[in-house]
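Listing of input_29.cif; format and content: mmCIF, C-alpha atoms and all ligand atoms.
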data_start
loop_
_atom_site.label_atom_id
_atom_site.label_comp_id
_atom_site.auth_asym_id
_atom_site.auth_seq_id
_atom_site.Cartn_x
_atom_site.Cartn_y
_atom_site.Cartn_z
CA MET A 1 -20.26 16.82 8.38
CA GLU A 2 -22.07 13.61 9.04
CA ILE A 3 -20.55 10.97 11.24
CA SER A 4 -21.60 7.40 10.86
CA PHE A 5 -20.69 4.65 13.23
CA ILE A 6 -20.94 1.24 11.67
CA LYS A 7 -21.02 -1.33 14.41
CA ASN A 8 -19.17 -4.47 13.68
CA ARG A 9 -20.67 -7.60 15.18
CA LYS A 10 -17.50 -8.06 17.16
CA GLU A 11 -17.81 -5.79 20.14
CA GLY A 12 -16.57 -2.26 20.33
CA GLN A 13 -15.13 -2.05 16.85
CA ARG A 14 -16.29 0.61 14.44
CA VAL A 15 -15.73 2.29 11.14
CA ILE A 16 -16.03 6.05 11.30
CA SER A 17 -16.91 8.08 8.22
CA HIS A 18 -16.12 11.73 7.71
CA PRO A 19 -14.55 12.09 11.11
CA SER A 20 -15.43 15.08 13.21
CA ARG A 21 -13.03 16.65 15.63
CA GLY A 22 -14.41 14.48 18.42
CA VAL A 23 -13.76 11.35 16.41
CA MET A 24 -10.23 12.45 15.61
CA ARG A 25 -9.70 13.09 19.32
CA LYS A 26 -10.74 9.52 20.06
CA ALA A 27 -8.42 8.14 17.39
CA THR A 28 -5.62 10.24 18.83
CA ALA A 29 -6.30 8.94 22.32
CA ILE A 30 -6.05 5.39 21.01
CA ILE A 31 -2.68 6.09 19.34
CA LYS A 32 -1.38 7.83 22.48
CA SER A 33 -2.37 4.93 24.67
CA GLY A 34 -0.58 2.38 22.49
CA GLY A 35 -3.47 1.21 20.32
CA VAL A 36 -3.71 0.65 16.57
CA VAL A 37 -5.91 2.69 14.27
CA ALA A 38 -6.56 2.05 10.58
CA PHE A 39 -6.64 5.33 8.66
CA PRO A 40 -6.87 6.49 5.05
CA THR A 41 -3.96 7.83 3.02
CA GLU A 42 -3.91 8.79 -0.66
CA THR A 43 -2.22 5.48 -1.56
CA VAL A 44 -3.83 2.73 0.55
CA TYR A 45 -5.22 2.47 4.09
CA GLY A 46 -2.56 2.24 6.79
CA LEU A 47 -2.55 0.45 10.13
CA GLY A 48 -0.95 2.93 12.50
CA ALA A 49 0.67 3.05 15.91
CA ASP A 50 3.02 5.43 17.74
CA ALA A 51 6.39 4.82 16.06
CA PHE A 52 8.22 5.45 19.34
CA ASN A 53 6.18 2.92 21.31
CA PRO A 54 7.70 -0.51 20.56
CA ILE A 55 4.87 -2.41 22.23
CA ALA A 56 2.25 -0.61 20.17
CA VAL A 57 4.28 -1.30 17.03
CA ALA A 58 4.51 -4.97 17.99
CA ARG A 59 0.72 -5.07 17.92
CA ILE A 60 0.75 -3.99 14.27
CA PHE A 61 2.82 -7.06 13.39
CA GLU A 62 0.50 -9.25 15.42
CA VAL A 63 -2.68 -7.82 13.88
CA LYS A 64 -1.36 -8.22 10.32
CA ASN A 65 0.38 -11.52 10.89
CA ARG A 66 3.44 -9.83 9.47
CA PRO A 67 6.93 -11.30 9.90
CA LEU A 68 9.14 -9.18 12.16
CA PHE A 69 11.89 -9.00 9.54
CA ASP A 70 9.71 -6.75 7.35
CA PRO A 71 10.22 -3.13 8.46
CA LEU A 72 7.52 -0.43 8.56
CA ILE A 73 7.19 3.00 6.99
CA VAL A 74 7.06 5.87 9.48
CA HIS A 75 4.55 8.60 8.59
CA ILE A 76 5.19 12.23 9.43
CA ALA A 77 3.15 15.43 9.15
CA ASN A 78 5.93 18.01 8.90
CA LEU A 79 9.56 18.14 7.88
CA SER A 80 10.85 18.77 11.39
CA GLN A 81 9.79 15.23 12.33
CA MET A 82 12.35 13.92 9.84
CA GLY A 83 15.06 15.02 12.23
CA ASP A 84 13.68 12.75 14.96
CA LEU A 85 13.96 9.75 12.67
CA ALA A 86 16.83 10.20 10.20
CA SER A 87 20.43 10.87 11.20
CA ALA A 88 21.23 12.49 7.87
CA VAL A 89 19.15 14.08 5.13
CA ASP A 90 21.23 14.66 2.03
CA ARG A 91 20.55 16.90 -0.94
CA ARG A 92 18.70 14.23 -2.91
CA ALA A 93 16.38 13.55 0.02
CA GLY A 94 15.78 17.28 0.51
CA ARG A 95 14.91 17.77 -3.15
CA LEU A 96 12.59 14.76 -3.32
CA ALA A 97 10.81 15.69 -0.08
CA GLY A 98 10.45 19.28 -1.26
CA ARG A 99 8.92 18.23 -4.56
CA PHE A 100 6.79 15.20 -3.68
CA TRP A 101 5.74 15.58 -0.04
CA PRO A 102 3.07 15.32 1.05
CA GLY A 103 2.66 12.51 -1.46
CA PRO A 104 3.19 8.86 -2.46
CA LEU A 105 6.95 8.75 -1.95
CA THR A 106 8.91 7.00 0.82
CA LEU A 107 12.55 7.81 1.51
CA VAL A 108 14.87 5.25 3.12
CA LEU A 109 17.53 7.13 5.08
CA PRO A 110 20.08 6.36 7.80
CA LYS A 111 18.15 6.10 11.06
CA ARG A 112 18.67 7.83 14.36
CA GLU A 113 19.48 5.63 17.28
CA GLY A 114 16.24 6.38 19.11
CA VAL A 115 14.03 4.78 16.46
CA PRO A 116 12.87 1.44 17.91
CA GLY A 117 14.42 -1.61 16.28
CA ILE A 118 11.03 -3.23 15.80
CA VAL A 119 10.05 -0.42 13.39
CA THR A 120 13.10 -0.92 11.18
CA ALA A 121 13.49 -4.67 11.67
CA GLY A 122 16.88 -4.05 13.20
CA LEU A 123 18.22 -2.24 10.12
CA ASP A 124 20.28 0.93 10.41
CA THR A 125 17.91 2.66 7.99
CA VAL A 126 14.40 4.04 8.37
CA ALA A 127 11.64 4.51 5.77
CA ILE A 128 9.83 7.88 6.03
CA ARG A 129 6.81 9.28 4.23
CA MET A 130 4.53 12.32 4.53
CA PRO A 131 1.12 11.19 3.26
CA ASP A 132 -1.09 13.51 1.21
CA HIS A 133 -4.33 13.02 3.11
CA LEU A 134 -5.94 15.41 5.57
CA ILE A 135 -7.12 12.69 7.96
CA ALA A 136 -3.68 11.04 8.07
CA LEU A 137 -1.89 14.36 8.59
CA ASP A 138 -4.38 15.43 11.24
CA LEU A 139 -3.99 12.14 13.11
CA ILE A 140 -0.19 12.44 13.13
CA LYS A 141 -0.28 16.09 14.25
CA ARG A 142 -2.77 15.49 17.04
CA SER A 143 -0.95 12.39 18.27
CA GLY A 144 2.28 14.36 18.51
CA CYS A 145 4.35 11.42 17.27
CA PRO A 146 5.31 9.93 13.94
CA ILE A 147 3.04 7.00 13.09
CA ALA A 148 4.47 3.69 11.95
CA ALA A 149 2.05 2.08 9.51
CA PRO A 150 2.07 -0.73 6.99
CA SER A 151 -0.83 -1.21 4.62
CA ALA A 152 -3.90 -2.31 6.59
CA ASN A 153 -4.30 -5.77 5.08
CA ARG A 154 -3.46 -9.25 6.24
CA PHE A 155 0.14 -9.97 5.29
CA GLY A 156 0.49 -10.99 1.64
CA TYR A 157 -3.14 -10.23 0.73
CA ILE A 158 -4.57 -7.46 -1.49
CA SER A 159 -3.99 -3.94 -0.14
CA PRO A 160 -7.04 -1.96 1.09
CA THR A 161 -8.21 1.11 -0.79
CA LYS A 162 -11.55 1.40 1.06
CA ALA A 163 -12.46 1.21 4.74
CA ALA A 164 -14.63 -1.82 3.90
CA HIS A 165 -11.53 -3.74 2.76
CA VAL A 166 -9.93 -3.13 6.16
CA LEU A 167 -13.12 -4.10 7.97
CA GLU A 168 -13.25 -7.40 6.09
CA GLN A 169 -9.65 -8.36 6.70
CA LEU A 170 -8.86 -6.91 10.11
CA GLY A 171 -12.17 -5.69 11.50
CA ASP A 172 -12.09 -7.74 14.65
CA ARG A 173 -8.43 -7.03 15.39
CA VAL A 174 -7.98 -3.26 15.33
CA ASP A 175 -9.08 -0.59 17.82
CA MET A 176 -10.64 1.70 15.23
CA ILE A 177 -11.02 2.19 11.49
CA ILE A 178 -11.40 5.74 10.16
CA ASP A 179 -13.29 5.81 6.86
CA GLY A 180 -11.97 8.44 4.47
CA GLY A 181 -13.58 7.02 1.33
CA ASP A 182 -11.64 5.64 -1.63
CA CYS A 183 -7.88 6.19 -1.84
CA SER A 184 -7.17 8.53 -4.74
CA VAL A 185 -3.83 7.06 -5.87
CA GLY A 186 -4.63 3.42 -5.17
CA VAL A 187 -1.13 1.90 -5.24
CA GLU A 188 1.44 2.20 -2.48
CA SER A 189 4.19 4.78 -2.34
CA THR A 190 7.35 4.59 -4.40
CA ILE A 191 10.25 3.65 -2.08
CA VAL A 192 13.66 5.18 -2.80
CA LYS A 193 16.73 4.17 -0.83
CA LEU A 194 19.21 7.00 -0.46
CA THR A 195 21.69 5.64 2.05
CA GLU A 196 24.49 5.23 -0.47
CA GLU A 197 25.77 7.25 -3.37
CA ARG A 198 23.56 5.36 -5.77
CA SER A 199 19.82 5.89 -5.47
CA VAL A 200 17.77 2.70 -5.56
CA ILE A 201 14.05 2.19 -6.12
CA LEU A 202 13.02 -0.58 -3.71
CA ARG A 203 9.38 -0.51 -4.82
CA PRO A 204 7.77 1.30 -7.75
CA GLY A 205 4.64 3.17 -6.66
CA GLY A 206 2.56 6.32 -6.82
CA VAL A 207 5.36 8.66 -7.93
CA PRO A 208 6.59 7.57 -11.38
CA VAL A 209 10.27 6.61 -11.49
CA GLU A 210 10.77 8.98 -14.44
CA GLU A 211 9.77 11.96 -12.27
CA ILE A 212 12.26 10.96 -9.60
CA GLU A 213 15.07 10.64 -12.14
CA ALA A 214 14.21 14.04 -13.56
CA LEU A 215 14.97 15.49 -10.12
CA ILE A 216 17.95 13.51 -8.79
CA GLY A 217 19.41 11.81 -11.86
CA HIS A 218 19.81 8.10 -12.52
CA VAL A 219 18.16 5.66 -10.13
CA GLU A 220 18.65 1.91 -10.09
CA MET A 221 15.78 -0.53 -9.83
CA GLY A 222 16.27 -2.73 -6.74
CA ALA A 223 15.82 -6.41 -7.44
CA ALA A 224 12.27 -7.32 -6.50
CA SER A 225 13.42 -10.73 -5.36
CA ALA A 226 16.13 -9.40 -3.05
CA ALA A 227 14.51 -10.57 0.16
CA GLY A 228 17.89 -10.16 1.82
CA PRO A 229 18.99 -7.49 4.24
CA GLU A 230 19.11 -4.81 1.53
CA ALA A 231 15.33 -4.79 1.13
CA PRO A 232 13.70 -7.21 3.51
CA GLY A 233 10.20 -6.25 2.54
CA GLN A 234 10.54 -6.58 -1.18
CA LEU A 235 9.15 -10.08 -1.13
CA PRO A 236 8.57 -11.66 -4.50
CA VAL A 237 5.05 -12.76 -3.60
CA HIS A 238 2.58 -10.17 -2.40
CA TYR A 239 -0.68 -8.35 -3.07
CA SER A 240 -2.30 -11.70 -3.74
CA PRO A 241 -5.95 -12.64 -4.04
CA SER A 242 -6.92 -16.05 -2.68
CA ILE A 243 -7.28 -17.46 -6.20
CA PRO A 244 -4.52 -17.77 -8.84
CA VAL A 245 -3.72 -14.87 -11.15
CA HIS A 246 -2.50 -15.42 -14.72
CA LEU A 247 -0.82 -12.49 -16.40
CA ALA A 248 -1.54 -12.20 -20.14
CA ASP A 249 0.99 -10.13 -22.07
CA ARG A 250 -1.54 -8.95 -24.61
CA GLY A 251 -5.26 -8.37 -24.21
CA ARG A 252 -6.00 -9.95 -27.56
CA ASP A 253 -4.53 -13.28 -26.37
CA ILE A 254 -7.11 -13.58 -23.59
CA ASP A 255 -9.59 -16.41 -23.99
CA PHE A 256 -12.93 -15.03 -22.79
CA SER A 257 -14.63 -18.40 -23.26
CA ARG A 258 -13.21 -19.80 -20.00
CA SER A 259 -16.23 -19.96 -17.76
CA ASP A 260 -14.28 -20.51 -14.52
CA ALA A 261 -12.23 -17.34 -14.97
CA GLY A 262 -12.70 -13.65 -14.24
CA PHE A 263 -10.90 -10.96 -16.21
CA LEU A 264 -8.96 -7.91 -15.11
CA LEU A 265 -8.58 -5.72 -18.17
CA PHE A 266 -6.57 -2.54 -18.57
CA ARG A 267 -9.03 -1.01 -21.05
CA ARG A 268 -12.36 -1.84 -22.71
CA PRO A 269 -11.77 -4.57 -25.31
CA ASP A 270 -13.06 -4.16 -28.85
CA ARG A 271 -14.67 -7.61 -28.87
CA GLU A 272 -17.34 -9.27 -26.75
CA PHE A 273 -16.42 -10.16 -23.17
CA PRO A 274 -18.27 -11.60 -20.15
CA VAL A 275 -19.42 -8.35 -18.56
CA ASP A 276 -20.38 -9.89 -15.20
CA ARG A 277 -16.93 -11.48 -14.70
CA THR A 278 -14.81 -8.62 -15.98
CA GLU A 279 -13.25 -5.60 -14.30
CA ILE A 280 -12.05 -2.82 -16.60
CA LEU A 281 -9.43 -0.68 -14.91
CA SER A 282 -9.83 2.28 -17.23
CA THR A 283 -12.19 2.38 -20.22
CA GLU A 284 -9.88 4.67 -22.15
CA GLY A 285 -6.65 3.11 -20.90
CA ASP A 286 -5.55 5.84 -18.47
CA LEU A 287 -2.81 4.56 -16.12
CA LYS A 288 -3.71 6.89 -13.25
CA GLU A 289 -7.32 5.75 -13.28
CA ALA A 290 -6.18 2.14 -13.63
CA ALA A 291 -3.93 2.42 -10.55
CA ALA A 292 -6.75 3.93 -8.50
CA ASN A 293 -9.07 1.02 -9.42
CA LEU A 294 -6.56 -1.85 -9.24
CA PHE A 295 -6.95 -3.21 -5.69
CA SER A 296 -10.73 -2.69 -5.53
CA ALA A 297 -11.10 -4.61 -8.79
CA LEU A 298 -8.93 -7.44 -7.43
CA HIS A 299 -11.01 -7.53 -4.22
CA ARG A 300 -14.23 -7.83 -6.25
CA LEU A 301 -12.87 -10.54 -8.53
CA ASP A 302 -11.58 -12.46 -5.53
CA LYS A 303 -15.11 -12.64 -4.13
CA MET A 304 -16.85 -13.57 -7.37
CA GLY A 305 -16.72 -17.32 -6.91
CA ILE A 306 -14.43 -17.84 -9.92
CA ARG A 307 -11.35 -20.09 -9.89
CA LEU A 308 -8.84 -17.93 -11.72
CA ILE A 309 -8.14 -14.29 -12.56
CA VAL A 310 -6.70 -13.54 -15.99
CA ALA A 311 -5.09 -10.10 -15.92
CA GLU A 312 -4.13 -8.02 -18.93
CA ALA A 313 -0.67 -6.44 -18.84
CA VAL A 314 -0.52 -2.62 -18.86
CA PRO A 315 2.12 -0.44 -20.58
CA GLU A 316 5.24 -0.28 -18.43
CA SER A 317 5.85 3.41 -18.05
CA GLY A 318 4.80 5.95 -15.43
CA LEU A 319 2.28 4.41 -13.01
CA GLY A 320 2.19 1.33 -15.25
CA ILE A 321 5.48 0.22 -13.66
CA ALA A 322 3.84 0.11 -10.21
CA ILE A 323 0.73 -1.65 -11.56
CA MET A 324 2.80 -4.34 -13.31
CA ASP A 325 4.89 -4.84 -10.16
CA ARG A 326 1.69 -5.60 -8.20
CA LEU A 327 0.26 -7.86 -10.93
CA ARG A 328 3.50 -9.85 -11.26
CA LYS A 329 3.69 -10.37 -7.51
CA ALA A 330 0.05 -11.45 -7.38
CA ALA A 331 0.70 -13.85 -10.26
CA ARG A 332 3.88 -15.28 -8.77
CA LYS A 333 2.03 -16.79 -5.84
CA GLU A 334 0.68 -19.42 -8.16
CA ALA A 335 4.13 -20.34 -9.40
CA GLN A 336 5.81 -20.45 -6.00
CA GLY A 337 3.16 -21.79 -3.69
CA GLU A 338 1.72 -19.92 -0.78
CA GLU A 339 4.68 -19.66 1.52
CA TYR A 340 4.49 -15.87 1.86
CA SER A 341 0.78 -15.42 2.21
CA GLU A 342 -1.99 -16.94 4.17
O1 LIG A 401 1.82 3.89 0.41
C1 LIG A 401 2.39 3.27 1.30
O2 LIG A 401 3.63 3.19 1.35
C2 LIG A 401 1.53 2.59 2.37
C3 LIG A 401 0.80 3.66 3.17
C4 LIG A 401 0.03 3.10 4.33
O3 LIG A 401 1.71 4.63 3.57
N1 LIG A 401 2.33 1.76 3.22
C5 LIG A 401 2.87 0.59 2.83
O4 LIG A 401 3.51 -0.10 3.83
O5 LIG A 401 2.78 0.15 1.70
P1 LIG A 401 3.95 -1.63 3.72
O6 LIG A 401 4.41 -2.00 5.07
O7 LIG A 401 2.84 -2.41 3.16
O8 LIG A 401 5.17 -1.59 2.77
C6 LIG A 401 6.36 -0.97 3.20
C7 LIG A 401 7.55 -1.49 2.50
C8 LIG A 401 7.87 -2.91 2.88
O9 LIG A 401 8.12 -3.65 1.72
C9 LIG A 401 9.14 -2.76 3.72
O10 LIG A 401 10.00 -3.84 3.63
C10 LIG A 401 9.76 -1.52 3.13
O11 LIG A 401 8.66 -0.70 2.88
N2 LIG A 401 10.66 -0.88 4.10
C11 LIG A 401 10.32 -0.29 5.24
N3 LIG A 401 11.43 0.16 5.89
C12 LIG A 401 12.49 -0.17 5.12
C13 LIG A 401 13.88 0.00 5.25
N4 LIG A 401 14.43 0.61 6.29
N5 LIG A 401 14.67 -0.48 4.26
C14 LIG A 401 14.12 -1.10 3.18
N6 LIG A 401 12.80 -1.29 3.01
C15 LIG A 401 11.99 -0.83 3.95
MG MG A 402 1.73 -3.77 2.18
#
Can you give me the file's structure in the form of structure tokens?
Amino acid sequence: MEISFIKNRKEGQRVISHPSRGVMRKATAIIKSGGVVAFPTETVYGLGADAFNPIAVARIFEVKNRPLFDPLIVHIANLSQMGDLASAVDRRAGRLAGRFWPGPLTLVLPKREGVPGIVTAGLDTVAIRMPDHLIALDLIKRSGCPIAAPSANRFGYISPTKAAHVLEQLGDRVDMIIDGGDCSVGVESTIVKLTEERSVILRPGGVPVEEIEALIGHVEMGAASAAGPEAPGQLPVHYSPSIPVHLADRGRDIDFSRSDAGFLLFRRPDREFPVDRTEILSTEGDLKEAAANLFSALHRLDKMGIRLIVAEAVPESGLGIAIMDRLRKAARKEAQGEEYSE
């Protein structure tokens, strides 16, 4: 396997592709000594630190510019680590973990006392996920600790699905970036809260809600705007490019003649469109492919020198629910001002 070190101009910082054992050892040493490492998962890149080292975790918040009231997901590599984090794992949690882990699902469970308050923003619950990516699992195993990690973007900005996205946003602030190529799922994990009798989806994501219901019965959709103690991280504005996003309900309503706009289309339109200012998420309209391309397409449009992104709505089922959640939050920034992003 080839290793490539890409030197950033800022000293000492590097992206590492196809990590060898030696590289993974270095990343592990950084985690063990309280540093932060950006690493790939199947959903998006994460910005990780030892979940049981509160000072290391504090650095994550600092690097991202993330408010301390927004708790982090703790990543594990095997089921026994759940016991170090959660004080109770009920039948629903067991079934979901058994079916979807490793994978794009996060479970919110009652936390054990030993989990640092900075990880959970002082809540009595903890969010846990086992990612489906060899580099992520290897890093957690070698480090010997669960790894707390938010998405590796500046707070409020578009999530990273390539190492280059992390390098652009946080390159001069992190100790290391491990390049694992493109994220295969491309949207963040589905978050299910299981601390009460009712099961609540706090964020739609890589595991379709329908598949969760098929396993544990009815789930409620948590209010996306509930930025209260129930779901402190479910901020209404998020995933935002630096330019405004308009959401068009139907592709055929989009006015391609606007020369200051770029277009984010679900599928290839059957009329002429400005090819150089258009991103097509999936030529044939496949939701899985669309999810995998979403954030990269937004990153490219954001850098195109246009003034506005017009996005086509996608069907709201399966992964389409997660995609629409991200598009609505990106679009809401325009309506509400920029208070949640930078
Ligand atoms: O796919 C993912 O989930 C990615 C990768 C890196 O694993 N991570 C990710 O993390 O998206 P982040 O920090 O960008 O989003 C985590 C969300 C936040 O909205 C946060 O508020 C919520 O999870 N969260 C974390 N702990 C929680 C808790 N105890 N109760 C409710 N929400 C929680
Ligand atoms: Mg995030």
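Between atom CA of Leu137 of chain A and atom CA of Ala297 of chain A the interatomic distance comes to 27.3 Å.
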Pick the closest to Gly318 of chain A from A:Glu168, A:Glu279, A:Glu210, A:Glu272: which is it, counting all atoms listed in the file? A:Glu210
Test item: residues lying within 6 Å of ligand LIG 401 (chain A) with only C-alpha atoms and all ligand atoms, as a VMD selection string: chain A and resid 43 to 46 70 to 73 104 108 120 125 to 127 149 to 151 188 to 189 231 to 234
Tell me, counting only C-alpha atoms and all ligand atoms, for each residue of chain A within 8 Å of ligand MG 402 (chain A), which pair of atoms is nearest and how far apart they are in Å to one decimal, in rows ordered by chain and increasing number, as a Markdown table.
| residue | atom | partner | partner_atom | distance |
| --- | --- | --- | --- | --- |
| A:Pro150 | CA | A:MG402 | MG | 5.7 |
| A:Ser151 | CA | A:MG402 | MG | 4.4 |
| A:Ala152 | CA | A:MG402 | MG | 7.3 |
| A:Asn153 | CA | A:MG402 | MG | 7.0 |
| A:Phe155 | CA | A:MG402 | MG | 7.1 |
| A:Gly156 | CA | A:MG402 | MG | 7.3 |
| A:Ser159 | CA | A:MG402 | MG | 6.2 |
| A:Glu188 | CA | A:MG402 | MG | 7.6 |
| A:His238 | CA | A:MG402 | MG | 7.9 |
| A:Tyr239 | CA | A:MG402 | MG | 7.4 |
Go ahead and fit an axis-aligned box to every listed atom of segment 158-172 of chain A plus 5 Å each side, and pass me the centre and edge lengths in Å, one decimal, as lines of an AutoDock Vina configuration file.
center_x = -9.3
center_y = -3.5
center_z = 6.6
size_x = 20.6
size_y = 19.8
size_z = 26.1
Residues near Trp101 of chain A, anyone? I mean within 8 Å using all atoms listed in the file, not counting same-chain ones fewer than 2 positions away, as a tab-separated table (two decimals) with C-alpha atoms, in the coordinates of the input.
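Result file around-v8.tsv:
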chain	number	residue	atom	x	y	z
A	96	LEU	CA	12.59	14.76	-3.32
A	97	ALA	CA	10.81	15.69	-0.08
A	98	GLY	CA	10.45	19.28	-1.26
A	99	ARG	CA	8.92	18.23	-4.56
A	103	GLY	CA	2.66	12.51	-1.46
A	104	PRO	CA	3.19	8.86	-2.46
A	105	LEU	CA	6.95	8.75	-1.95
A	129	ARG	CA	6.81	9.28	4.23
A	130	MET	CA	4.53	12.32	4.53
A	131	PRO	CA	1.12	11.19	3.26
A	132	ASP	CA	-1.09	13.51	1.21
Nearest residue to Thr28 of chain A from the set A:Leu319, A:Val207, A:Ile140, A:Ile191 (distances using only C-alpha atoms): A:Ile140
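Between atom CA of Lys288 of chain A and atom CA of Ala38 of chain A the interatomic distance comes to 24.5 Å.
With only C-alpha atoms as the atoms that count, the minimum distance from Pro204 of chain A to the choices A:Gln169, A:Thr161, A:Ser317, A:Ser296 is reached by A:Ser317.
Atom CA of Pro208 of chain A is found 29.4 Å from atom CA of Asp50 of chain A.
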For a quick check of understanding, using all atoms listed in the file, which of A:Asp260, A:Asp138, A:Glu196, A:Asp255 has the smallest distance to Arg307 of chain A? A:Asp260
